[in-house]
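> Provided herewith: my_file.tsv, TSV, C-alpha atoms.
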```tsv
chain	number	residue	atom	x	y	z
A	10	GLN	CA	-0.16	-12.17	-18.88
A	11	TYR	CA	-1.82	-9.74	-16.48
A	12	ARG	CA	-0.75	-6.36	-15.19
A	13	ARG	CA	0.07	-5.85	-11.51
A	14	ASN	CA	-3.25	-4.06	-10.87
A	15	ARG	CA	-5.06	-7.15	-12.15
A	16	ILE	CA	-3.45	-9.57	-9.74
A	17	PHE	CA	-6.72	-11.37	-8.98
A	18	TRP	CA	-7.07	-12.43	-12.60
A	19	ALA	CA	-3.57	-13.87	-12.42
A	20	ALA	CA	-4.51	-15.81	-9.28
A	21	LEU	CA	-7.70	-17.17	-10.82
A	22	SER	CA	-6.02	-18.23	-14.04
A	23	GLY	CA	-3.61	-20.48	-12.14
A	24	SER	CA	-1.00	-20.17	-14.87
A	25	PRO	CA	2.49	-21.21	-13.57
A	26	THR	CA	4.37	-18.55	-15.54
A	27	GLY	CA	6.59	-17.29	-12.71
A	28	ARG	CA	10.38	-17.48	-12.95
A	29	LEU	CA	13.37	-17.08	-10.66
A	30	LEU	CA	16.01	-15.00	-12.44
A	31	SER	CA	19.64	-14.20	-11.73
A	32	TYR	CA	21.30	-11.08	-13.16
A	33	HIS	CA	25.05	-11.28	-13.78
A	34	PHE	CA	26.70	-7.88	-13.49
A	35	SER	CA	29.92	-9.08	-15.14
A	36	ASN	CA	28.39	-9.61	-18.57
A	37	LYS	CA	24.94	-8.03	-18.05
A	38	SER	CA	23.16	-11.30	-18.77
A	39	VAL	CA	20.08	-12.86	-17.17
A	40	GLU	CA	19.94	-16.53	-16.20
A	41	VAL	CA	16.69	-18.42	-15.56
A	42	LEU	CA	17.24	-20.41	-12.35
A	43	ALA	CA	13.73	-21.86	-12.13
A	44	ASP	CA	10.49	-21.54	-14.06
A	45	GLY	CA	6.96	-22.93	-13.93
A	46	LEU	CA	6.28	-21.17	-10.63
A	47	LEU	CA	2.73	-20.16	-9.68
A	48	MET	CA	2.70	-16.50	-8.58
A	49	PRO	CA	6.07	-16.19	-6.78
A	50	ASN	CA	6.21	-12.93	-4.86
A	51	GLY	CA	8.52	-12.02	-1.96
A	52	ILE	CA	12.04	-13.44	-1.94
A	53	ILE	CA	14.89	-13.31	0.60
A	54	TYR	CA	17.97	-15.22	1.64
A	55	ASP	CA	17.56	-17.37	4.74
A	56	HIS	CA	19.31	-16.48	8.01
A	57	GLU	CA	22.44	-18.39	6.91
A	58	PHE	CA	22.49	-16.64	3.51
A	59	LYS	CA	22.73	-20.01	1.78
A	60	CYS	CA	19.25	-20.59	0.35
A	61	LEU	CA	16.54	-18.37	-1.11
A	62	LEU	CA	13.03	-18.41	0.32
A	63	ILE	CA	10.24	-17.57	-2.11
A	64	ALA	CA	6.71	-16.66	-0.99
A	65	MET	CA	4.11	-18.14	-3.35
A	66	THR	CA	1.04	-15.92	-3.28
A	67	TYR	CA	-1.74	-18.21	-4.43
A	68	THR	CA	-0.70	-21.57	-2.99
A	69	GLY	CA	0.03	-20.23	0.51
A	70	GLU	CA	3.47	-21.84	0.72
A	71	VAL	CA	7.12	-20.81	0.88
A	72	MET	CA	9.58	-22.53	-1.46
A	73	ARG	CA	13.31	-22.93	-0.82
A	74	TYR	CA	15.96	-22.71	-3.54
A	75	CYS	CA	19.58	-23.50	-2.67
A	76	PRO	CA	21.98	-22.41	-5.47
A	77	GLN	CA	24.85	-24.52	-4.07
A	78	ASP	CA	22.94	-27.81	-4.48
A	79	PRO	CA	24.23	-30.14	-7.23
A	80	GLU	CA	20.90	-29.81	-9.09
A	81	PRO	CA	19.14	-26.83	-7.51
A	82	THR	CA	15.36	-26.83	-7.72
A	83	PRO	CA	12.61	-25.17	-5.63
A	84	THR	CA	11.37	-27.40	-2.79
A	85	ALA	CA	8.71	-26.88	-0.13
A	86	PHE	CA	9.82	-25.04	3.03
A	87	ALA	CA	6.51	-23.94	4.64
A	88	GLN	CA	3.08	-25.12	3.54
A	89	ASN	CA	-0.61	-24.56	4.27
A	90	LEU	CA	-0.19	-21.02	5.54
A	91	PRO	CA	-3.55	-19.37	6.32
A	92	GLY	CA	-3.67	-16.77	3.54
A	93	THR	CA	-2.35	-15.36	0.29
A	94	LEU	CA	1.33	-14.56	0.72
A	95	ASP	CA	3.09	-11.35	-0.21
A	96	ASN	CA	6.54	-10.40	1.10
A	97	ILE	CA	8.78	-12.31	3.48
A	98	HIS	CA	11.47	-10.95	5.82
A	99	ARG	CA	14.04	-12.41	8.17
A	100	TYR	CA	13.01	-11.72	11.76
A	101	THR	CA	14.87	-11.93	15.09
A	102	ASP	CA	12.91	-11.61	18.32
A	103	PRO	CA	14.33	-8.56	20.15
A	104	ALA	CA	13.78	-10.16	23.56
A	105	THR	CA	14.90	-13.75	23.02
A	106	GLY	CA	17.06	-13.60	19.88
A	107	LYS	CA	14.99	-16.39	18.29
A	108	LYS	CA	15.30	-16.31	14.49
A	109	SER	CA	12.27	-16.77	12.26
A	110	TYR	CA	10.58	-15.35	9.17
A	111	LEU	CA	7.78	-12.81	9.04
A	112	LEU	CA	5.26	-12.81	6.20
A	113	GLY	CA	2.50	-10.44	5.18
A	114	LEU	CA	-0.71	-12.16	4.08
A	115	GLY	CA	-3.07	-10.21	1.85
A	116	SER	CA	-6.22	-12.07	2.85
A	117	LYS	CA	-7.47	-15.21	4.54
A	118	ARG	CA	-7.81	-18.38	2.47
A	119	ALA	CA	-11.14	-19.50	3.96
A	120	LYS	CA	-13.81	-18.81	6.62
A	121	PRO	CA	-15.72	-16.77	5.76
A	122	PHE	CA	-16.16	-17.57	2.07
A	123	SER	CA	-13.09	-16.92	-0.09
A	124	LEU	CA	-13.45	-17.10	-3.87
A	125	LEU	CA	-9.79	-18.01	-4.40
A	126	HIS	CA	-9.92	-20.85	-1.88
A	127	PHE	CA	-13.28	-22.16	-3.09
A	128	LEU	CA	-12.16	-22.35	-6.73
A	129	SER	CA	-8.66	-23.71	-6.10
A	130	PRO	CA	-9.60	-27.33	-7.05
A	131	PHE	CA	-11.32	-26.20	-10.30
A	132	PRO	CA	-8.78	-24.77	-12.79
A	133	SER	CA	-11.18	-24.93	-15.75
A	134	VAL	CA	-13.80	-22.91	-13.84
A	135	ARG	CA	-11.15	-20.33	-12.85
A	136	ARG	CA	-10.11	-19.86	-16.48
A	137	TRP	CA	-13.75	-19.59	-17.53
A	138	ILE	CA	-14.36	-16.81	-14.99
A	139	CYS	CA	-11.30	-14.94	-16.27
A	140	GLY	CA	-12.95	-14.79	-19.69
A	141	LEU	CA	-16.18	-13.25	-18.39
A	142	PRO	CA	-16.77	-9.48	-18.66
A	143	LEU	CA	-17.09	-9.10	-14.90
A	144	PRO	CA	-16.23	-5.85	-13.10
A	145	TYR	CA	-12.81	-6.33	-11.55
A	146	GLU	CA	-13.96	-4.64	-8.31
A	147	MET	CA	-16.47	-7.47	-7.81
A	148	LEU	CA	-13.63	-9.81	-6.88
A	149	TYR	CA	-12.75	-7.70	-3.84
A	150	LYS	CA	-16.17	-8.44	-2.34
A	151	LEU	CA	-15.64	-12.21	-2.67
A	152	ILE	CA	-12.32	-12.30	-0.81
A	153	PRO	CA	-12.27	-11.94	3.01
A	154	LEU	CA	-10.96	-8.61	4.35
A	155	HIS	CA	-8.74	-10.12	7.00
A	156	GLY	CA	-5.28	-8.82	7.85
A	157	ILE	CA	-2.69	-11.42	8.84
A	158	LEU	CA	0.99	-11.41	9.75
A	159	ALA	CA	2.51	-14.89	10.06
A	160	PHE	CA	5.67	-16.04	11.86
A	161	VAL	CA	7.41	-19.17	10.54
A	162	ASP	CA	10.38	-20.74	12.34
A	163	THR	CA	13.64	-21.80	10.69
A	164	ASP	CA	12.21	-25.28	10.10
A	165	GLY	CA	9.27	-23.89	8.15
A	166	LYS	CA	6.68	-24.35	10.91
A	167	LEU	CA	4.02	-21.71	11.51
A	168	PHE	CA	4.15	-20.81	15.21
A	169	HIS	CA	2.36	-17.48	15.58
A	170	THR	CA	-0.03	-15.18	13.71
A	171	LEU	CA	-1.39	-11.70	14.25
A	172	GLN	CA	-4.87	-11.33	12.77
A	173	ASP	CA	-7.36	-8.52	12.29
A	174	PRO	CA	-10.77	-9.97	11.37
A	175	THR	CA	-12.33	-6.50	11.26
A	176	GLY	CA	-10.77	-5.81	7.85
A	177	ARG	CA	-9.34	-2.43	8.89
A	178	THR	CA	-5.81	-3.70	8.21
A	179	SER	CA	-6.51	-6.03	5.30
A	180	TRP	CA	-4.28	-6.66	2.26
A	181	LEU	CA	-1.08	-6.58	4.32
A	182	SER	CA	2.05	-6.96	2.21
A	183	GLU	CA	4.90	-6.97	4.75
A	184	ALA	CA	6.08	-5.95	8.21
A	185	ILE	CA	9.42	-4.91	9.69
A	186	LEU	CA	10.65	-4.16	13.20
A	187	VAL	CA	11.86	-0.57	13.77
A	188	ASN	CA	12.85	0.81	17.20
A	189	GLY	CA	10.71	-1.63	19.15
A	190	SER	CA	7.59	-1.26	16.99
A	191	LEU	CA	6.33	-3.56	14.28
A	192	TRP	CA	5.32	-1.60	11.17
A	193	ALA	CA	3.11	-3.24	8.55
A	194	GLY	CA	2.28	-1.94	5.08
A	195	SER	CA	-0.34	-2.76	2.48
A	196	TRP	CA	-0.12	-3.00	-1.30
A	197	LEU	CA	-3.66	-1.57	-1.53
A	198	ASN	CA	-4.54	0.51	1.54
A	199	PRO	CA	-2.99	4.00	1.86
A	200	HIS	CA	-1.88	3.66	5.48
A	201	LEU	CA	0.65	1.97	7.78
A	202	VAL	CA	-0.15	-0.21	10.78
A	203	ARG	CA	1.98	0.05	13.93
A	204	LEU	CA	2.22	-2.41	16.81
A	205	GLY	CA	4.18	-0.86	19.66
A	206	CYS	CA	6.19	-2.37	22.57
A	207	TRP	CA	7.03	-5.37	20.45
A	208	GLY	CA	8.80	-8.45	21.84
A	209	SER	CA	8.29	-12.03	22.96
A	210	GLU	CA	5.56	-11.01	25.43
A	211	GLN	CA	3.79	-8.72	22.97
A	212	SER	CA	0.39	-10.37	23.13
A	213	GLU	CA	0.07	-9.48	26.83
A	214	ARG	CA	1.67	-6.05	26.81
A	215	CYS	CA	0.43	-4.35	23.62
A	216	SER	CA	-2.90	-2.76	22.97
A	217	GLY	CA	-3.18	-3.60	19.27
A	218	PRO	CA	-2.82	-1.93	15.87
A	219	ALA	CA	-2.78	1.83	15.54
```
Starting from the file, lay out its structure as structure tokens.


Amino acid sequence: QYRRNRIFWAALSGSPTGRLLSYHFSNKSVEVLADGLLMPNGIIYDHEFKCLLIAMTYTGEVMRYCPQDPEPTPTAFAQNLPGTLDNIHRYTDPATGKKSYLLGLGSKRAKPFSLLHFLSPFPSVRRWICGLPLPYEMLYKLIPLHGILAFVDTDGKLFHTLQDPTGRTSWLSEAILVNGSLWAGSWLNPHLVRLGCWGSEQSERCSGPA
């Protein structure tokens, strides 16, 4: 319904038009595995490569889809994460070997005021706003500039976050570990963020984003 550069309108509308698709190379056909999803975004296999994990941007949750189940359907894996989700990656701590998942969060859901969070219980108001001739750039000013990376364990529990309340590293989309440094990218900002000397004791040993 909306183009990628109008993602905020898609979030406000609250239309569950997302689908999980499977492409079959053998006959070049596309199969709909699940539909009625609200803004699915990043998707990966879990550490066992048995189930798919799907980051849901607007609802702040990760859904799990296991193709081998008798009647596969998306179910909740991680809920009430502190922001709008983008991509999700498998992550293994280089010091301890602990397996988890690393998510990029575009903004914070609340505190200070967040338009998306405030209007979440009012779908009719969200649709009404989408019909107004408002400048699209106005929405940016009503969403907190707050960069977040979130770590979720293999049971779907949030156990650690990295946050930048200054807004310098807002709209984060994903992060990966490369040669001991954690590199984070943004779908909007034209720069990368690097956290060096990364490991299980990072909070004590690292100076912060560069």

> Around (-1.5, -21.9, -3.9) in the file's frame, which residues reach within 8 Å when counting only C-alpha atoms? Return as a PyMOL selection string?

chain A and resi 47+65-70+93+129

> Could you please determine the separation between atom CA of A:Gly23 and atom CA of A:Phe131 in Å, to one decimal place?

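Atom CA of A:Gly23 sits 9.8 Å away from atom CA of A:Phe131.
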
> List the spatial neighbours of stretch 175-177 of chain A as a JSON list (two decimals) with C-alpha atoms, in the coordinates of the input - criterion: any atom at most 10 Å away, only C-alpha atoms, same-chain residues fewer than 3 positions off excluded.


```json
[["chain", "number", "residue", "atom", "x", "y", "z"],
["A", 116, "SER", "CA", -6.22, -12.07, 2.85],
["A", 153, "PRO", "CA", -12.27, -11.94, 3.01],
["A", 154, "LEU", "CA", -10.96, -8.61, 4.35],
["A", 155, "HIS", "CA", -8.74, -10.12, 7.00],
["A", 156, "GLY", "CA", -5.28, -8.82, 7.85],
["A", 157, "ILE", "CA", -2.69, -11.42, 8.84],
["A", 172, "GLN", "CA", -4.87, -11.33, 12.77],
["A", 180, "TRP", "CA", -4.28, -6.66, 2.26],
["A", 198, "ASN", "CA", -4.54, 0.51, 1.54],
["A", 202, "VAL", "CA", -0.15, -0.21, 10.78],
["A", 218, "PRO", "CA", -2.82, -1.93, 15.87]]
```

> Using all atoms listed in the file, determine which residues lie at most 12 Å from A:Leu128, disregarding the query and same-chain residues fewer than 4 positions distant; provide the list as a PDB file with C-alpha atoms, keeping the file's coordinate frame.


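Once written, around.pdb looks like this:
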```pdb
ATOM      1  CA  ALA A  20      -4.510 -15.810  -9.280  1.00  0.00           C
ATOM      2  CA  LEU A  21      -7.700 -17.170 -10.820  1.00  0.00           C
ATOM      3  CA  SER A  22      -6.020 -18.230 -14.040  1.00  0.00           C
ATOM      4  CA  GLY A  23      -3.610 -20.480 -12.140  1.00  0.00           C
ATOM      5  CA  TYR A  67      -1.740 -18.210  -4.430  1.00  0.00           C
ATOM      6  CA  ARG A 118      -7.810 -18.380   2.470  1.00  0.00           C
ATOM      7  CA  ALA A 119     -11.140 -19.500   3.960  1.00  0.00           C
ATOM      8  CA  PHE A 122     -16.160 -17.570   2.070  1.00  0.00           C
ATOM      9  CA  SER A 123     -13.090 -16.920  -0.090  1.00  0.00           C
ATOM     10  CA  LEU A 124     -13.450 -17.100  -3.870  1.00  0.00           C
ATOM     11  CA  PRO A 132      -8.780 -24.770 -12.790  1.00  0.00           C
ATOM     12  CA  SER A 133     -11.180 -24.930 -15.750  1.00  0.00           C
ATOM     13  CA  VAL A 134     -13.800 -22.910 -13.840  1.00  0.00           C
ATOM     14  CA  ARG A 135     -11.150 -20.330 -12.850  1.00  0.00           C
ATOM     15  CA  ARG A 136     -10.110 -19.860 -16.480  1.00  0.00           C
ATOM     16  CA  TRP A 137     -13.750 -19.590 -17.530  1.00  0.00           C
ATOM     17  CA  ILE A 138     -14.360 -16.810 -14.990  1.00  0.00           C
ATOM     18  CA  LEU A 151     -15.640 -12.210  -2.670  1.00  0.00           C
ATOM     19  CA  ILE A 152     -12.320 -12.300  -0.810  1.00  0.00           C
TER      20      ILE A 152
END
```

> Using Å and a single decimal, report how far atom CA of A:Gln88 sits from atom CA of A:Val41.

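Atom-to-atom, atom CA of A:Val41 to atom CA of A:Gln88, that is 24.4 Å.
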
> Give the answer as one residue: which of A:Leu191, A:Leu111, A:Leu29, A:Leu197 has the shortest atom-to-atom distance to A:Asn50, using only C-alpha atoms?

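Smallest distance to A:Asn50 is found for A:Leu29.
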
> Have a look at A:His56, A:His169, A:His126, A:Pro49 and name the one nearest to A:Pro83; count all atoms listed in the file.

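Of the candidates, the smallest distance to A:Pro83 is held by A:Pro49.
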
> Could you work out an axis-aligned box for stretch 48-59 of chain A, taking every atom the file lists and adding 4 Å on each side, and report centre and edge lengths in Å to one decimal, as JSON?


```
{"center_x": 12.7, "center_y": -16.0, "center_z": -0.3, "size_x": 28.0, "size_y": 16.0, "size_z": 24.6}
```

> Show which residues sit within 6 Å of A:Tyr110, as a ChimeraX atom specification. Count all atoms listed in the file, and ignore same-chain residues fewer than 6 positions away.

/A:98-100,160-161

> Between atom CA of A:Lys107 and atom CA of A:Ser195, what is the distance in Å, rounded to a tenth?

25.9 Å

> Skipping near chain neighbours, those fewer than 4 positions away, what residues fall within 7 Å of A:Lys108 using all atoms listed in the file, listed as a ChimeraX atom specification?

/A:100-102,162-163

> Write a file of the selected residues as a CSV table (one decimal), in the frame of the given file, keeping C-alpha atoms.


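What landed in out.csv:
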```
chain,number,residue,atom,x,y,z
A,100,TYR,CA,13.0,-11.7,11.8
A,101,THR,CA,14.9,-11.9,15.1
A,102,ASP,CA,12.9,-11.6,18.3
A,162,ASP,CA,10.4,-20.7,12.3
A,163,THR,CA,13.6,-21.8,10.7
```

> Residues of stretch 86-178 of chain A that have any atom at most 8 Å from an atom of stretch 182-186 of chain A: could you tabulate them with the shortest-distance atom pair and the distance in Å to one decimal, using only C-alpha atoms, ordered by chain and increasing number, as JSON lines?


```
{"residue": "A:Leu94", "atom": "CA", "partner": "A:Ser182", "partner_atom": "CA", "distance": 7.8}
{"residue": "A:Asp95", "atom": "CA", "partner": "A:Ser182", "partner_atom": "CA", "distance": 5.1}
{"residue": "A:Asn96", "atom": "CA", "partner": "A:Glu183", "partner_atom": "CA", "distance": 5.3}
{"residue": "A:Ile97", "atom": "CA", "partner": "A:Glu183", "partner_atom": "CA", "distance": 6.7}
{"residue": "A:His98", "atom": "CA", "partner": "A:Ile185", "partner_atom": "CA", "distance": 7.5}
{"residue": "A:Tyr100", "atom": "CA", "partner": "A:Ile185", "partner_atom": "CA", "distance": 8.0}
{"residue": "A:Leu111", "atom": "CA", "partner": "A:Ala184", "partner_atom": "CA", "distance": 7.1}
{"residue": "A:Leu112", "atom": "CA", "partner": "A:Glu183", "partner_atom": "CA", "distance": 6.0}
{"residue": "A:Gly113", "atom": "CA", "partner": "A:Glu183", "partner_atom": "CA", "distance": 4.2}
{"residue": "A:Leu114", "atom": "CA", "partner": "A:Ser182", "partner_atom": "CA", "distance": 6.2}
{"residue": "A:Gly115", "atom": "CA", "partner": "A:Ser182", "partner_atom": "CA", "distance": 6.1}
{"residue": "A:Leu158", "atom": "CA", "partner": "A:Ala184", "partner_atom": "CA", "distance": 7.6}
```

> When distances are computed from only C-alpha atoms, which of A:Gly106, A:Pro142, A:Pro76, A:Gly189 shows the smallest separation from A:Ser31?

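Of A:Gly106, A:Pro142, A:Pro76, A:Gly189, the one nearest A:Ser31 is A:Pro76, counting only C-alpha atoms.
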
> For each of A:Leu171, A:Gly205, A:Leu141, A:His200, take the minimum atom-to-atom distance to A:Pro91, counting only C-alpha atoms, then give the residue where this is smallest.

A:Leu171

> Measuring atom to atom with only C-alpha atoms, identify which of A:Pro79, A:Ser35, A:Leu204, A:Leu46 is nearest to A:Ala64.

A:Leu46
